[in-house]
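A.B. asks: Data: structure.cif, mmCIF, C-alpha atoms.
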data_data
loop_
_atom_site.group_PDB
_atom_site.id
_atom_site.type_symbol
_atom_site.label_atom_id
_atom_site.label_comp_id
_atom_site.auth_asym_id
_atom_site.auth_seq_id
_atom_site.Cartn_x
_atom_site.Cartn_y
_atom_site.Cartn_z
ATOM 1 C CA MET A 10 -41.983 -128.621 67.451
ATOM 2 C CA ARG A 11 -39.528 -129.679 70.077
ATOM 3 C CA PHE A 12 -36.052 -130.966 70.901
ATOM 4 C CA VAL A 13 -35.721 -133.719 73.504
ATOM 5 C CA THR A 14 -32.597 -134.818 75.378
ATOM 6 C CA LYS A 15 -31.825 -136.993 78.382
ATOM 7 C CA SER A 16 -28.457 -135.331 78.954
ATOM 8 C CA GLU A 17 -28.257 -132.927 81.900
ATOM 9 C CA ALA A 18 -25.176 -131.284 80.355
ATOM 10 C CA VAL A 19 -26.932 -130.740 77.006
ATOM 11 C CA LYS A 20 -29.993 -129.398 78.808
ATOM 12 C CA LYS A 21 -27.995 -126.764 80.689
ATOM 13 C CA SER A 22 -25.889 -125.637 77.732
ATOM 14 C CA PHE A 23 -28.734 -125.619 75.166
ATOM 15 C CA PHE A 24 -30.920 -123.674 77.632
ATOM 16 C CA GLU A 25 -28.282 -120.960 78.012
ATOM 17 C CA ASP A 26 -27.640 -120.727 74.259
ATOM 18 C CA LEU A 27 -31.356 -120.335 73.468
ATOM 19 C CA ARG A 28 -31.787 -117.746 76.209
ATOM 20 C CA LYS A 29 -28.802 -115.679 75.005
ATOM 21 C CA ALA A 30 -30.094 -115.781 71.400
ATOM 22 C CA GLY A 31 -33.515 -114.520 72.525
ATOM 23 C CA ILE A 32 -35.335 -117.535 71.111
ATOM 24 C CA LYS A 33 -38.784 -118.195 72.582
ATOM 25 C CA PHE A 34 -39.104 -121.624 74.188
ATOM 26 C CA GLU A 35 -40.475 -123.560 77.151
ATOM 27 C CA LEU A 36 -38.591 -126.289 79.009
ATOM 28 C CA HIS A 37 -40.550 -129.284 80.282
ATOM 29 C CA GLU A 38 -39.056 -132.025 82.471
ATOM 30 C CA ARG A 39 -40.544 -135.504 82.819
ATOM 31 C CA LEU A 40 -39.566 -139.008 83.772
ATOM 32 C CA GLY A 41 -38.089 -140.985 80.897
ATOM 33 C CA TYR A 42 -36.089 -144.173 80.504
ATOM 34 C CA GLU A 43 -33.321 -145.980 78.669
ATOM 35 C CA ALA A 44 -33.891 -149.668 78.045
ATOM 36 C CA PHE A 45 -31.921 -152.557 76.562
ATOM 37 C CA VAL A 46 -33.083 -156.126 76.030
ATOM 38 C CA GLY A 47 -30.655 -158.697 74.720
ATOM 39 C CA TYR A 48 -27.731 -160.898 75.681
ATOM 40 C CA LEU A 49 -24.245 -160.592 77.130
ATOM 41 C CA LEU A 50 -20.921 -162.373 76.888
ATOM 42 C CA GLU A 51 -18.563 -162.297 79.899
ATOM 43 C CA GLY A 52 -14.801 -162.610 80.215
ATOM 44 C CA THR A 53 -11.543 -160.893 79.333
ATOM 45 C CA LEU A 54 -11.422 -159.119 75.988
ATOM 46 C CA GLU A 55 -9.622 -162.133 74.516
ATOM 47 C CA GLU A 56 -12.158 -164.581 75.967
ATOM 48 C CA ILE A 57 -15.134 -162.612 74.643
ATOM 49 C CA SER A 58 -13.556 -162.482 71.187
ATOM 50 C CA ALA A 59 -13.103 -166.278 71.276
ATOM 51 C CA GLN A 60 -16.741 -166.759 72.341
ATOM 52 C CA ILE A 61 -17.939 -164.692 69.375
ATOM 53 C CA ASP A 62 -15.933 -166.943 67.042
ATOM 54 C CA VAL A 63 -17.789 -170.067 68.184
ATOM 55 C CA ILE A 64 -21.252 -168.827 69.159
ATOM 56 C CA GLU A 65 -24.123 -170.519 67.327
ATOM 57 C CA GLY A 66 -27.556 -169.128 66.524
ATOM 58 C CA ALA A 67 -26.454 -165.475 66.236
ATOM 59 C CA ASP A 68 -25.159 -163.066 63.594
ATOM 60 C CA ARG A 69 -21.407 -163.447 64.190
ATOM 61 C CA GLU A 70 -20.389 -160.735 61.728
ATOM 62 C CA ALA A 71 -22.558 -158.136 63.455
ATOM 63 C CA LEU A 72 -21.233 -159.292 66.849
ATOM 64 C CA ARG A 73 -17.623 -158.904 65.654
ATOM 65 C CA GLU A 74 -18.337 -155.385 64.398
ATOM 66 C CA GLY A 75 -20.035 -154.497 67.674
ATOM 67 C CA PHE A 76 -17.159 -155.897 69.725
ATOM 68 C CA VAL A 77 -14.594 -153.925 67.698
ATOM 69 C CA SER A 78 -16.607 -150.774 68.479
ATOM 70 C CA PHE A 79 -16.749 -151.799 72.171
ATOM 71 C CA ARG A 80 -12.940 -152.158 72.347
ATOM 72 C CA GLU A 81 -12.383 -148.866 70.537
ATOM 73 C CA SER A 82 -14.695 -147.088 72.979
ATOM 74 C CA LEU A 83 -12.916 -148.717 75.922
ATOM 75 C CA ASN A 84 -9.489 -147.666 74.587
ATOM 76 C CA HIS A 85 -10.774 -144.123 74.093
ATOM 77 C CA ILE A 86 -11.864 -143.929 77.739
ATOM 78 C CA LEU A 87 -8.615 -145.502 78.947
ATOM 79 C CA GLU A 88 -6.589 -142.823 77.149
ATOM 80 C CA HIS A 89 -8.517 -140.156 79.066
ATOM 81 C CA ILE A 90 -8.288 -141.736 82.507
ATOM 82 C CA LYS A 91 -4.635 -142.764 82.319
ATOM 83 C CA VAL A 92 -3.821 -139.143 83.107
ATOM 84 C CA GLY A 93 -7.064 -138.421 84.965
ATOM 85 C CA GLU A 94 -10.286 -136.796 83.737
ATOM 86 C CA ARG A 95 -13.276 -135.174 85.393
ATOM 87 C CA PHE A 96 -16.369 -137.362 85.566
ATOM 88 C CA GLU A 97 -18.657 -134.649 84.072
ATOM 89 C CA THR A 98 -16.303 -134.181 81.119
ATOM 90 C CA LEU A 99 -16.280 -137.895 80.369
ATOM 91 C CA LEU A 100 -20.073 -138.136 80.482
ATOM 92 C CA GLN A 101 -20.373 -135.467 77.806
ATOM 93 C CA GLU A 102 -18.981 -138.037 75.347
ATOM 94 C CA GLY A 103 -22.234 -139.999 75.582
ATOM 95 C CA PRO A 104 -24.308 -142.358 77.782
ATOM 96 C CA TRP A 105 -22.065 -145.303 76.831
ATOM 97 C CA VAL A 106 -19.297 -143.793 78.989
ATOM 98 C CA ALA A 107 -21.175 -144.489 82.237
ATOM 99 C CA GLU A 108 -21.497 -148.169 81.298
ATOM 100 C CA LEU A 109 -17.755 -148.576 80.653
ATOM 101 C CA LEU A 110 -16.806 -146.675 83.807
ATOM 102 C CA ASP A 111 -19.154 -148.923 85.785
ATOM 103 C CA GLN A 112 -17.439 -152.026 84.390
ATOM 104 C CA LEU A 113 -13.987 -150.630 85.195
ATOM 105 C CA THR A 114 -15.173 -149.776 88.723
ATOM 106 C CA ARG A 115 -16.418 -153.343 89.311
ATOM 107 C CA ASN A 116 -12.974 -154.528 88.243
ATOM 108 C CA GLY A 117 -11.387 -152.254 90.865
ATOM 109 C CA ALA A 118 -9.389 -150.612 88.091
ATOM 110 C CA ILE A 119 -10.023 -146.913 88.740
ATOM 111 C CA ASP A 120 -9.656 -144.338 91.496
ATOM 112 C CA TYR A 121 -12.192 -141.547 92.016
ATOM 113 C CA SER A 122 -11.173 -138.441 93.953
ATOM 114 C CA ASP A 123 -12.547 -134.875 93.940
ATOM 115 C CA GLY A 124 -14.582 -135.557 90.791
ATOM 116 C CA VAL A 125 -11.583 -136.905 88.857
ATOM 117 C CA ILE A 126 -11.376 -140.485 87.570
ATOM 118 C CA LYS A 127 -7.969 -142.076 87.050
ATOM 119 C CA LEU A 128 -6.799 -145.543 86.032
ATOM 120 C CA LYS A 129 -4.919 -147.238 88.855
ATOM 121 C CA GLU A 130 -1.175 -147.725 88.437
ATOM 122 C CA GLY A 131 -0.146 -151.151 87.176
ATOM 123 C CA VAL A 132 -3.600 -152.227 85.940
ATOM 124 C CA ASP A 133 -3.379 -154.791 83.126
ATOM 125 C CA VAL A 134 -6.496 -154.246 81.037
ATOM 126 C CA THR A 135 -6.052 -157.601 79.281
ATOM 127 C CA LYS A 136 -6.683 -159.337 82.639
ATOM 128 C CA LEU A 137 -9.896 -157.428 83.437
ATOM 129 C CA ARG A 138 -13.281 -159.086 82.949
ATOM 130 C CA PHE A 139 -15.930 -157.289 80.911
ATOM 131 C CA GLU A 140 -19.520 -157.721 79.776
ATOM 132 C CA PHE A 141 -20.220 -157.314 76.065
ATOM 133 C CA LYS A 142 -23.937 -156.743 75.470
ATOM 134 C CA PHE A 143 -25.792 -157.144 72.183
ATOM 135 C CA PRO A 144 -29.490 -156.795 71.185
ATOM 136 C CA PHE A 145 -31.835 -159.770 70.982
ATOM 137 C CA ASN A 146 -32.513 -159.242 67.258
ATOM 138 C CA LEU A 147 -28.991 -160.469 66.465
ATOM 139 C CA VAL A 148 -30.014 -163.907 67.765
ATOM 140 C CA HIS A 149 -31.997 -166.165 65.413
ATOM 141 C CA SER A 150 -31.774 -169.336 67.503
ATOM 142 C CA PRO A 151 -32.002 -168.560 71.245
ATOM 143 C CA GLU A 152 -31.477 -172.175 72.332
ATOM 144 C CA SER A 153 -28.152 -172.323 70.472
ATOM 145 C CA ALA A 154 -26.935 -168.835 71.439
ATOM 146 C CA GLU A 155 -27.791 -169.295 75.117
ATOM 147 C CA ARG A 156 -25.256 -172.124 75.446
ATOM 148 C CA ILE A 157 -22.696 -169.309 75.596
ATOM 149 C CA ALA A 158 -24.571 -166.012 76.004
ATOM 150 C CA LYS A 159 -26.769 -164.959 78.940
ATOM 151 C CA GLN A 160 -30.045 -163.101 78.697
ATOM 152 C CA PHE A 161 -29.794 -159.468 79.779
ATOM 153 C CA ALA A 162 -32.350 -156.683 80.315
ATOM 154 C CA PHE A 163 -31.603 -153.181 81.572
ATOM 155 C CA THR A 164 -33.887 -150.254 82.392
ATOM 156 C CA ASP A 165 -32.622 -146.886 83.566
ATOM 157 C CA LEU A 166 -35.276 -144.473 84.824
ATOM 158 C CA THR A 167 -33.932 -141.043 84.033
ATOM 159 C CA MET A 168 -35.115 -137.491 83.469
ATOM 160 C CA GLU A 169 -36.059 -136.327 79.982
ATOM 161 C CA TYR A 170 -35.834 -132.668 78.977
ATOM 162 C CA GLU A 171 -38.130 -131.297 76.268
ATOM 163 C CA PHE A 172 -37.510 -127.899 74.694
ATOM 164 C CA GLU A 173 -40.783 -126.716 73.146
ATOM 165 C CA ILE A 174 -39.825 -124.065 70.575
ATOM 166 C CA LEU A 175 -42.329 -121.187 70.401
ATOM 167 C CA GLU A 176 -40.485 -119.094 67.815
ATOM 168 C CA LEU A 177 -42.170 -117.886 64.593
ATOM 169 C CA ASP A 178 -39.504 -115.449 63.427
ATOM 170 C CA ILE A 179 -37.669 -117.163 60.545
ATOM 171 C CA GLY A 180 -34.429 -115.303 61.279
ATOM 172 C CA LYS A 181 -34.400 -116.644 64.821
ATOM 173 C CA ILE A 182 -35.403 -120.111 63.593
ATOM 174 C CA ASN A 183 -32.305 -120.019 61.370
ATOM 175 C CA THR A 184 -30.221 -119.032 64.403
ATOM 176 C CA LEU A 185 -31.822 -121.874 66.353
ATOM 177 C CA GLY A 186 -30.748 -124.289 63.616
ATOM 178 C CA LYS A 187 -27.107 -123.248 64.000
ATOM 179 C CA ILE A 188 -27.290 -123.600 67.795
ATOM 180 C CA ALA A 189 -29.068 -126.974 67.766
ATOM 181 C CA ALA A 190 -26.514 -128.369 65.293
ATOM 182 C CA ARG A 191 -24.033 -128.460 68.189
ATOM 183 C CA TYR A 192 -26.272 -130.745 70.248
ATOM 184 C CA PHE A 193 -28.473 -132.913 68.012
ATOM 185 C CA PRO A 194 -27.985 -135.267 65.033
ATOM 186 C CA GLU A 195 -28.427 -133.672 61.617
ATOM 187 C CA ASP A 196 -31.466 -135.742 60.572
ATOM 188 C CA TYR A 197 -33.276 -134.924 63.827
ATOM 189 C CA LEU A 198 -32.322 -131.245 63.585
ATOM 190 C CA LEU A 199 -33.563 -130.916 59.989
ATOM 191 C CA ARG A 200 -36.956 -132.459 60.784
ATOM 192 C CA VAL A 201 -37.561 -130.013 63.644
ATOM 193 C CA TYR A 202 -36.128 -127.068 61.692
ATOM 194 C CA PHE A 203 -38.388 -127.513 58.664
ATOM 195 C CA ALA A 204 -41.401 -128.159 60.897
ATOM 196 C CA LEU A 205 -40.746 -124.802 62.580
ATOM 197 C CA ILE A 206 -40.314 -123.092 59.208
ATOM 198 C CA GLY A 207 -43.559 -124.703 58.032
ATOM 199 C CA ARG A 208 -45.472 -123.516 61.080
ATOM 200 C CA SER A 209 -44.068 -120.013 60.671
ATOM 201 C CA ILE A 210 -45.099 -119.815 57.011
ATOM 202 C CA LEU A 211 -48.577 -121.194 57.697
ATOM 203 C CA SER A 212 -48.993 -118.736 60.590
ATOM 204 C CA GLY A 213 -47.978 -115.845 58.351
ATOM 205 C CA GLU A 214 -50.441 -116.906 55.653
ATOM 206 C CA ILE A 215 -53.248 -117.184 58.193
ATOM 207 C CA LEU A 216 -52.578 -113.696 59.562
ATOM 208 C CA LYS A 217 -52.303 -112.282 56.044
ATOM 209 C CA SER A 218 -55.656 -113.807 55.055
ATOM 210 C CA LEU A 219 -57.416 -112.298 58.066
ATOM 211 C CA GLY A 220 -56.670 -108.686 57.205
ATOM 212 C CA ASN A 221 -58.857 -106.467 59.374
ATOM 213 C CA GLU A 222 -61.884 -108.727 59.221
ATOM 214 C CA LYS A 223 -63.395 -111.117 61.748
ATOM 215 C CA VAL A 224 -63.533 -114.499 60.018
ATOM 216 C CA PRO A 225 -65.527 -117.533 61.212
ATOM 217 C CA GLU A 226 -62.985 -120.079 62.475
ATOM 218 C CA GLU A 227 -64.710 -122.949 60.669
ATOM 219 C CA ASP A 228 -64.573 -121.100 57.321
ATOM 220 C CA LEU A 229 -60.911 -120.192 57.871
ATOM 221 C CA VAL A 230 -59.945 -123.797 58.553
ATOM 222 C CA LYS A 231 -61.861 -125.061 55.507
ATOM 223 C CA ALA A 232 -60.255 -122.453 53.253
ATOM 224 C CA PHE A 233 -56.742 -123.413 54.299
ATOM 225 C CA VAL A 234 -57.437 -127.133 53.997
ATOM 226 C CA ARG A 235 -58.646 -126.527 50.418
ATOM 227 C CA ALA A 236 -55.389 -124.649 49.728
ATOM 228 C CA SER A 237 -53.216 -127.461 51.142
ATOM 229 C CA PRO A 238 -50.429 -128.137 50.470
ATOM 230 C CA ILE A 239 -48.551 -124.847 50.311
ATOM 231 C CA SER A 240 -45.568 -125.008 47.939
ATOM 232 C CA ILE A 241 -42.707 -122.532 48.477
ATOM 233 C CA PRO A 242 -39.892 -122.248 45.870
ATOM 234 C CA THR A 243 -36.423 -121.684 47.377
ATOM 235 C CA GLU A 244 -32.899 -121.194 46.026
ATOM 236 C CA LYS A 245 -32.114 -124.869 46.645
ATOM 237 C CA GLY A 246 -35.438 -126.432 45.702
ATOM 238 C CA THR A 247 -39.024 -126.516 46.906
ATOM 239 C CA LEU A 248 -40.518 -126.557 50.391
ATOM 240 C CA VAL A 249 -43.928 -128.242 50.536
ATOM 241 C CA ILE A 250 -46.058 -127.707 53.648
ATOM 242 C CA ASN A 251 -48.930 -130.145 54.099
ATOM 243 C CA TYR A 252 -51.423 -129.984 56.976
ATOM 244 C CA SER A 253 -54.726 -131.380 58.231
ATOM 245 C CA PRO A 254 -57.747 -129.509 59.638
ATOM 246 C CA LYS A 255 -56.574 -130.434 63.141
ATOM 247 C CA ALA A 256 -53.145 -128.958 62.381
ATOM 248 C CA VAL A 257 -54.687 -125.643 61.276
ATOM 249 C CA GLU A 258 -56.784 -125.557 64.461
ATOM 250 C CA GLU A 259 -53.657 -126.196 66.544
ATOM 251 C CA VAL A 260 -51.787 -123.367 64.799
ATOM 252 C CA LEU A 261 -54.739 -121.066 65.537
ATOM 253 C CA ARG A 262 -54.563 -122.017 69.233
ATOM 254 C CA PHE A 263 -50.822 -121.344 69.169
ATOM 255 C CA LEU A 264 -51.353 -117.906 67.587
ATOM 256 C CA LYS A 265 -54.020 -117.095 70.163
ATOM 257 C CA ARG A 266 -51.746 -118.078 73.045
ATOM 258 C CA ALA A 267 -48.931 -115.962 71.572
ATOM 259 C CA GLY A 268 -51.228 -112.923 71.308
ATOM 260 C CA TYR A 269 -51.412 -112.710 67.506
ATOM 261 C CA ILE A 270 -55.141 -113.403 67.209
ATOM 262 C CA GLU A 271 -58.319 -113.317 69.224
ATOM 263 C CA ILE A 272 -61.010 -115.996 68.954
ATOM 264 C CA LYS A 273 -64.455 -115.056 70.252
ATOM 265 C CA ALA A 274 -67.883 -116.495 69.449
ATOM 266 C CA GLY A 275 -66.324 -118.738 66.832
ATOM 267 C CA LYS A 276 -64.712 -115.841 64.929
ATOM 268 C CA VAL A 277 -61.017 -115.069 64.464
ATOM 269 C CA LYS A 278 -59.612 -111.526 64.585
ATOM 270 C CA LYS A 279 -55.993 -110.536 63.968
ATOM 271 C CA LEU A 280 -54.389 -108.492 66.748
ATOM 272 C CA ARG A 281 -50.919 -108.076 65.257
ATOM 273 C CA ASP A 282 -48.635 -109.318 62.503
ATOM 274 C CA LEU A 283 -45.683 -111.674 62.907
ATOM 275 C CA ASN A 284 -43.137 -108.853 62.603
ATOM 276 C CA SER A 285 -44.818 -106.633 65.189
#
Output the structure of this file as structure tokens.
C.D. replies:
Amino acid sequence: MRFVTKSEAVKKSFFEDLRKAGIKFELHERLGYEAFVGYLLEGTLEEISAQIDVIEGADREALREGFVSFRESLNHILEHIKVGERFETLLQEGPWVAELLDQLTRNGAIDYSDGVIKLKEGVDVTKLRFEFKFPFNLVHSPESAERIAKQFAFTDLTMEYEFEILELDIGKINTLGKIAARYFPEDYLLRVYFALIGRSILSGEILKSLGNEKVPEEDLVKAFVRASPISIPTEKGTLVINYSPKAVEEVLRFLKRAGYIEIKAGKVKKLRDLNS
């Protein structure tokens, strides 16, 4: 159960928030990437708009919607840098900011000094030349589209930060949900949140079933697989937790690593409860 981000700013802030809340986690860093394969149109904003109107072999409506979004994003950045804005602050808006700043830099339209980016005086944005990129799946006839558009592929090798959540306390998992809501999309957050809740409930049931006895691991796994899925009624509905034999074995390894159980000679013994 983990959260993954490629943002250095998110990594630093999320790390501090989890640490302050006393939530158990591990941070792993690895090489990741961002990739885009598609096409691009080049020219002034007016020229690109005209190209979209006449391009053949592509979904024009989707291209128009994408180009409107591109112009809105550009105008948003321009509003910031007309008065000057720190580079780190701009990047917190999203990875798309770096792409637009790069295009403005190649146009010679911005100054960069002491970490602050500012639009140069007298720059006429309508005269600048841009690249509007769109994915290959919007093209249904490459031979027709490529009379105007150029093929484009981009790969950015970047660091990826994975927060492995080790928490079993439901109160702290609820706190984690509130913290993560500031950094991750709701659908992503909910999937991780309910997975953590599910693991916590299954862990509690396993510890409860052990009592003070040593139970053969194989028998324990079989018993829980027969009981699957676990259905938990809540105020808002029902939480159903389904799991495979491999999942039960993985939860047992997690509980062993966290010091809740001991596994020796194929038998499982409880060392402590979740709330101890």
A.B. asks: Report, in Å to a single decimal, how far apart atom CA of Thr164 of chain A and atom CA of Phe23 of chain A are.
C.D. replies: 26.2 Å
A.B. asks: Taking the file above as input, evaluate the PyMOL selection byres ((chain A and resi 268) around 12) and report the hits as a list in words.
C.D. replies: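 Against this file, the PyMOL selection byres ((chain A and resi 268) around 12) returns the residues Leu216, Leu261, Arg262, Phe263, Leu264, Lys265, Arg266, Ala267, Tyr269, Ile270, Glu271, Ile272, Lys278, Lys279, Leu280, Arg281, Asp282, Leu283 and Ser285 of chain A.
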A.B. asks: I'd like the interatomic distance between atom CA of Val13 of chain A and atom CA of Asn146 of chain A, to a tenth of an Å.
C.D. replies: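 Computing it gives 26.5 Å between the two atoms.
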A.B. asks: Specify the axis-aligned box that encloses all atoms of segment 269-272 of chain A listed in the file after padding of 3 Å on each side, stating its centre and edge lengths in Å to one decimal as JSON.
C.D. replies:
{"center_x": -56.2, "center_y": -114.4, "center_z": 68.2, "size_x": 15.6, "size_y": 9.3, "size_z": 8.0}
A.B. asks: Give me, please, the distance in Å between atom CA of Thr114 of chain A and atom CA of Ile90 of chain A, quoted to one decimal.
C.D. replies: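 According to the coordinates, atom CA of Thr114 of chain A and atom CA of Ile90 of chain A are separated by 12.3 Å.
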A.B. asks: Give as a CSV table (one decimal) with C-alpha atoms, keeping the file's coordinate frame the residues that the PyMOL selection byres ((chain A and resi 91) around 8) matches when applied to the coordinates above.
C.D. replies:
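Contents of part39.csv, as written:
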chain,number,residue,atom,x,y,z
A,87,LEU,CA,-8.6,-145.5,78.9
A,88,GLU,CA,-6.6,-142.8,77.1
A,89,HIS,CA,-8.5,-140.2,79.1
A,90,ILE,CA,-8.3,-141.7,82.5
A,92,VAL,CA,-3.8,-139.1,83.1
A,93,GLY,CA,-7.1,-138.4,85.0
A,127,LYS,CA,-8.0,-142.1,87.0
A,128,LEU,CA,-6.8,-145.5,86.0
A,129,LYS,CA,-4.9,-147.2,88.9
A.B. asks: Can you spell out as an MDAnalysis selection string the set of residues that the PyMOL selection byres ((chain A and resi 131-133) around 10) selects in the structure I just provided?
C.D. replies: chainID A and resid 116:119 128:130 134:137
